[in-house]
$ cat work_6.json   # JSON, C-alpha atoms
[["chain", "number", "residue", "atom", "x", "y", "z"],
["A", 2, "MET", "CA", 0.00, 0.00, 0.00],
["A", 3, "LEU", "CA", 1.17, 3.54, -0.81],
["A", 4, "ASP", "CA", 1.83, 5.77, 2.17],
["A", 5, "VAL", "CA", 1.43, 9.50, 1.39],
["A", 6, "THR", "CA", 2.47, 12.05, 3.99],
["A", 7, "ILE", "CA", 1.48, 15.69, 3.57],
["A", 8, "THR", "CA", 3.61, 18.02, 5.60],
["A", 9, "ALA", "CA", 2.69, 21.50, 6.84],
["A", 10, "PRO", "CA", 5.34, 23.24, 4.68],
["A", 11, "ALA", "CA", 3.94, 21.50, 1.58],
["A", 12, "VAL", "CA", 0.42, 22.72, 2.40],
["A", 13, "ALA", "CA", 1.74, 26.24, 3.02],
["A", 14, "TRP", "CA", 3.55, 26.30, -0.34],
["A", 15, "TYR", "CA", 0.46, 25.00, -2.14],
["A", 16, "ALA", "CA", -1.72, 27.69, -0.48],
["A", 17, "ALA", "CA", 0.80, 30.39, -1.36],
["A", 18, "ILE", "CA", 0.88, 29.35, -5.03],
["A", 19, "VAL", "CA", -2.92, 29.10, -5.34],
["A", 20, "SER", "CA", -3.53, 32.44, -3.59],
["A", 21, "THR", "CA", -0.92, 34.21, -5.73],
["A", 22, "ALA", "CA", -2.52, 32.82, -8.91],
["A", 23, "SER", "CA", -5.96, 33.91, -7.68],
["A", 24, "LEU", "CA", -4.67, 37.40, -6.94],
["A", 25, "ALA", "CA", -3.10, 37.68, -10.39],
["A", 26, "LEU", "CA", -6.37, 36.61, -12.07],
["A", 27, "GLY", "CA", -8.34, 38.97, -9.84],
["A", 28, "ILE", "CA", -6.24, 41.88, -11.10],
["A", 29, "PHE", "CA", -5.92, 40.78, -14.75],
["A", 30, "LEU", "CA", -9.56, 39.96, -15.59],
["A", 31, "PRO", "CA", -11.09, 43.38, -14.74],
["A", 32, "LEU", "CA", -8.26, 45.13, -16.61],
["A", 33, "ARG", "CA", -8.82, 42.92, -19.66],
["A", 34, "ASP", "CA", -12.57, 43.59, -19.74],
["A", 35, "ARG", "CA", -12.56, 47.38, -19.32],
["A", 36, "PRO", "CA", -13.75, 49.48, -22.25],
["A", 37, "ARG", "CA", -10.96, 50.56, -24.58],
["A", 38, "ILE", "CA", -12.01, 53.02, -27.23],
["A", 39, "ARG", "CA", -9.65, 54.72, -29.68],
["A", 40, "VAL", "CA", -10.82, 58.05, -31.07],
["A", 41, "SER", "CA", -9.19, 59.82, -33.99],
["A", 42, "ALA", "CA", -10.25, 62.84, -36.03],
["A", 43, "ARG", "CA", -8.84, 64.63, -39.07],
["A", 44, "THR", "CA", -9.87, 67.71, -40.98],
["A", 45, "ASN", "CA", -10.16, 68.45, -44.71],
["A", 46, "TRP", "CA", -11.83, 65.28, -45.99],
["A", 47, "LEU", "CA", -13.80, 65.33, -49.23],
["A", 48, "VAL", "CA", -16.58, 62.79, -49.71],
["A", 49, "GLY", "CA", -17.65, 61.35, -53.05],
["A", 50, "ASP", "CA", -20.98, 59.98, -51.79],
["A", 51, "SER", "CA", -24.21, 61.63, -52.98],
["A", 52, "GLU", "CA", -25.58, 61.61, -49.41],
["A", 53, "TYR", "CA", -23.07, 64.34, -48.56],
["A", 54, "ASP", "CA", -22.12, 67.54, -50.33],
["A", 55, "THR", "CA", -19.20, 66.53, -52.56],
["A", 56, "LYS", "CA", -17.79, 70.09, -52.61],
["A", 57, "GLU", "CA", -17.79, 70.48, -48.82],
["A", 58, "LYS", "CA", -14.82, 69.64, -46.57],
["A", 59, "TYR", "CA", -15.54, 67.42, -43.57],
["A", 60, "ILE", "CA", -14.01, 66.45, -40.28],
["A", 61, "CYS", "CA", -13.82, 62.65, -40.17],
["A", 62, "ILE", "CA", -14.13, 61.20, -36.64],
["A", 63, "THR", "CA", -13.44, 57.49, -36.16],
["A", 64, "VAL", "CA", -14.39, 55.62, -32.98],
["A", 65, "ALA", "CA", -12.78, 52.17, -32.78],
["A", 66, "ASN", "CA", -13.53, 49.55, -30.13],
["A", 67, "ARG", "CA", -10.39, 47.67, -29.05],
["A", 68, "ASP", "CA", -12.21, 45.81, -26.28],
["A", 69, "ARG", "CA", -13.91, 42.40, -26.25],
["A", 70, "ARG", "CA", -17.29, 43.86, -25.30],
["A", 71, "THR", "CA", -19.60, 45.89, -27.50],
["A", 72, "VAL", "CA", -19.81, 49.61, -26.69],
["A", 73, "THR", "CA", -22.77, 51.79, -27.69],
["A", 74, "ILE", "CA", -21.68, 55.25, -28.81],
["A", 75, "GLN", "CA", -24.22, 57.91, -27.81],
["A", 76, "ASN", "CA", -22.71, 61.25, -28.87],
["A", 77, "VAL", "CA", -19.73, 62.40, -30.90],
["A", 78, "GLY", "CA", -18.63, 66.01, -31.26],
["A", 79, "LEU", "CA", -16.07, 68.74, -30.81],
["A", 80, "GLU", "CA", -15.11, 70.55, -27.59],
["A", 81, "SER", "CA", -14.34, 74.24, -27.75],
["A", 82, "LYS", "CA", -11.57, 76.00, -25.86],
["A", 83, "GLY", "CA", -12.75, 78.29, -23.08],
["A", 84, "LYS", "CA", -16.44, 79.11, -22.83],
["A", 85, "GLY", "CA", -17.28, 78.70, -26.51],
["A", 86, "PRO", "CA", -20.02, 76.34, -27.64],
["A", 87, "ASP", "CA", -19.37, 72.64, -28.13],
["A", 88, "TYR", "CA", -20.46, 71.08, -31.42],
["A", 89, "LEU", "CA", -22.35, 67.81, -31.92],
["A", 90, "ALA", "CA", -21.52, 65.95, -35.13],
["A", 91, "SER", "CA", -24.62, 65.87, -37.33],
["A", 92, "ASP", "CA", -24.02, 62.16, -38.01],
["A", 93, "SER", "CA", -24.16, 61.57, -34.26],
["A", 94, "TRP", "CA", -27.76, 62.72, -33.85],
["A", 95, "ARG", "CA", -28.86, 61.66, -37.35],
["A", 96, "LYS", "CA", -27.68, 58.05, -36.97],
["A", 97, "GLY", "CA", -28.54, 57.84, -33.27],
["A", 98, "PRO", "CA", -26.71, 55.52, -30.85],
["A", 99, "LEU", "CA", -24.49, 53.06, -32.71],
["A", 100, "GLU", "CA", -22.86, 49.90, -31.44],
["A", 101, "ALA", "CA", -19.16, 49.34, -31.93],
["A", 102, "ALA", "CA", -18.58, 45.59, -31.62],
["A", 103, "GLU", "CA", -15.25, 44.00, -30.75],
["A", 104, "GLY", "CA", -12.60, 45.16, -33.20],
["A", 105, "LYS", "CA", -15.07, 47.32, -35.18],
["A", 106, "ALA", "CA", -15.24, 51.07, -35.74],
["A", 107, "GLN", "CA", -17.86, 53.73, -36.46],
["A", 108, "THR", "CA", -17.18, 56.80, -38.59],
["A", 109, "TYR", "CA", -18.85, 60.18, -38.19],
["A", 110, "LEU", "CA", -18.60, 63.12, -40.58],
["A", 111, "MET", "CA", -19.03, 66.74, -39.59],
["A", 112, "LYS", "CA", -19.08, 69.75, -41.92],
["A", 113, "GLN", "CA", -15.96, 71.81, -41.45],
["A", 114, "SER", "CA", -17.30, 75.09, -42.87],
["A", 115, "GLY", "CA", -18.42, 77.58, -40.28],
["A", 116, "LEU", "CA", -16.11, 76.19, -37.60],
["A", 117, "ASP", "CA", -13.14, 78.13, -36.26],
["A", 118, "LEU", "CA", -10.69, 75.24, -35.94],
["A", 119, "ASP", "CA", -8.32, 77.33, -33.82],
["A", 120, "ARG", "CA", -11.00, 77.45, -31.10],
["A", 121, "ILE", "CA", -11.47, 73.66, -31.05],
["A", 122, "LYS", "CA", -9.92, 71.92, -28.05],
["A", 123, "GLY", "CA", -10.48, 68.39, -29.37],
["A", 124, "VAL", "CA", -12.94, 65.60, -30.05],
["A", 125, "ILE", "CA", -15.19, 64.05, -27.43],
["A", 126, "VAL", "CA", -17.06, 60.74, -27.58],
["A", 127, "VAL", "CA", -19.66, 59.72, -24.99],
["A", 128, "ASP", "CA", -21.02, 56.18, -24.63],
["A", 129, "GLN", "CA", -24.41, 55.25, -23.19],
["A", 130, "THR", "CA", -22.98, 54.76, -19.70],
["A", 131, "GLY", "CA", -21.71, 58.35, -19.71],
["A", 132, "ARG", "CA", -18.03, 57.47, -20.01],
["A", 133, "LYS", "CA", -16.10, 60.00, -22.11],
["A", 134, "TRP", "CA", -13.14, 59.60, -24.43],
["A", 135, "ARG", "CA", -11.19, 62.50, -25.87],
["A", 136, "ALA", "CA", -8.69, 62.97, -28.69],
["A", 137, "LYS", "CA", -6.90, 65.77, -30.49],
["A", 138, "LEU", "CA", -8.23, 67.08, -33.77],
["A", 139, "GLU", "CA", -5.50, 66.43, -36.32],
["A", 140, "ARG", "CA", -5.10, 69.05, -39.00],
["A", 141, "GLY", "CA", -4.62, 67.97, -42.58],
["A", 142, "GLY", "CA", -5.57, 64.46, -43.54],
["A", 143, "GLY", "CA", -7.86, 63.90, -46.49],
["A", 144, "GLN", "CA", -7.35, 66.59, -49.11],
["A", 145, "GLU", "CA", -5.64, 69.91, -48.42]]
$ encode --input "work_6.json" --output "structure tokens"
Amino acid sequence: MLDVTITAPAVAWYAAIVSTASLALGIFLPLRDRPRIRVSARTNWLVGDSEYDTKEKYICITVANRDRRTVTIQNVGLESKGKGPDYLASDSWRKGPLEAAEGKAQTYLMKQSGLDLDRIKGVIVVDQTGRKWRAKLERGGGQE
């Protein structure tokens, strides 16, 4: 017959290994499942689609979901410096809330005419939970 003896140090080492692994998973899993949105925006885009004015320049705002969970984008717009007005992208209210699934992106266009780009602080995106993401408005892009 096989005689197995479990000593106290062996149990202590086993408990230390299991608790360390549990701690690591407890930290890693919430970090892995947090929303991760990438926002980018560029000025001076021309659009060849008949839905939009083909002679107008647009700001193209892209919202990409780098997370495993779907995120619903509620509002997309521009933030002004100081006390100036903020601007909501017309595509944001026209299309309504849009879902960005894992690894997918949504694109919003906003007419550039009538905007003083020097007074724009950056781009802001708000999801349905109220979380906000910001990015700089890159000049150039598209067609100069």
$ atom_distance --input "work_6.json" --atom1 "atom CA of Gly131 of chain A" --atom2 "atom CA of Val72 of chain A"
11.3 Å
$ atom_distance --input "work_6.json" --atom1 "atom CA of Leu116 of chain A" --atom2 "atom CA of Arg43 of chain A"
13.7 Å
$ axis_aligned_box --input "work_6.json" --around "segment 48-54 of chain A" --padding-each-side "6 Å" --output "JSON"
{"center_x": -21.1, "center_y": 63.8, "center_z": -50.8, "size_x": 21.0, "size_y": 19.6, "size_z": 16.5}
$ atom_distance --input "work_6.json" --atom1 "atom CA of Ile121 of chain A" --atom2 "atom CA of Ser91 of chain A"
16.5 Å
$ residues_around --input "work_6.json" --residues "Lys56 of chain A" --least-positions-apart "4" --cutoff "12 Å" --atoms "all atoms listed in the file" --output "ChimeraX atom specification"
/A:45-52,112-114,144
$ write_last_selection --input "work_6.json" --atoms "C-alpha atoms" --output "PDB file, in the coordinates of the input"
ATOM      1  CA  ASN A  45     -10.160  68.450 -44.710  1.00  0.00           C
ATOM      2  CA  TRP A  46     -11.830  65.280 -45.990  1.00  0.00           C
ATOM      3  CA  LEU A  47     -13.800  65.330 -49.230  1.00  0.00           C
ATOM      4  CA  VAL A  48     -16.580  62.790 -49.710  1.00  0.00           C
ATOM      5  CA  GLY A  49     -17.650  61.350 -53.050  1.00  0.00           C
ATOM      6  CA  ASP A  50     -20.980  59.980 -51.790  1.00  0.00           C
ATOM      7  CA  SER A  51     -24.210  61.630 -52.980  1.00  0.00           C
ATOM      8  CA  GLU A  52     -25.580  61.610 -49.410  1.00  0.00           C
ATOM      9  CA  LYS A 112     -19.080  69.750 -41.920  1.00  0.00           C
ATOM     10  CA  GLN A 113     -15.960  71.810 -41.450  1.00  0.00           C
ATOM     11  CA  SER A 114     -17.300  75.090 -42.870  1.00  0.00           C
ATOM     12  CA  GLN A 144      -7.350  66.590 -49.110  1.00  0.00           C
TER      13      GLN A 144
END
$ residues_around --input "work_6.json" --residues "Ala90 of chain A" --least-positions-apart "6" --cutoff "8 Å" --atoms "all atoms listed in the file" --output "list in words"
Asn76, Val77, Gly78, Leu79, Tyr109, Leu110 and Met111 of chain A
$ residues_around --input "work_6.json" --residues "Asp87 of chain A" --least-positions-apart "2" --cutoff "10 Å" --atoms "only C-alpha atoms" --output "ChimeraX atom specification"
/A:78-82,84-85,89-90,121-125
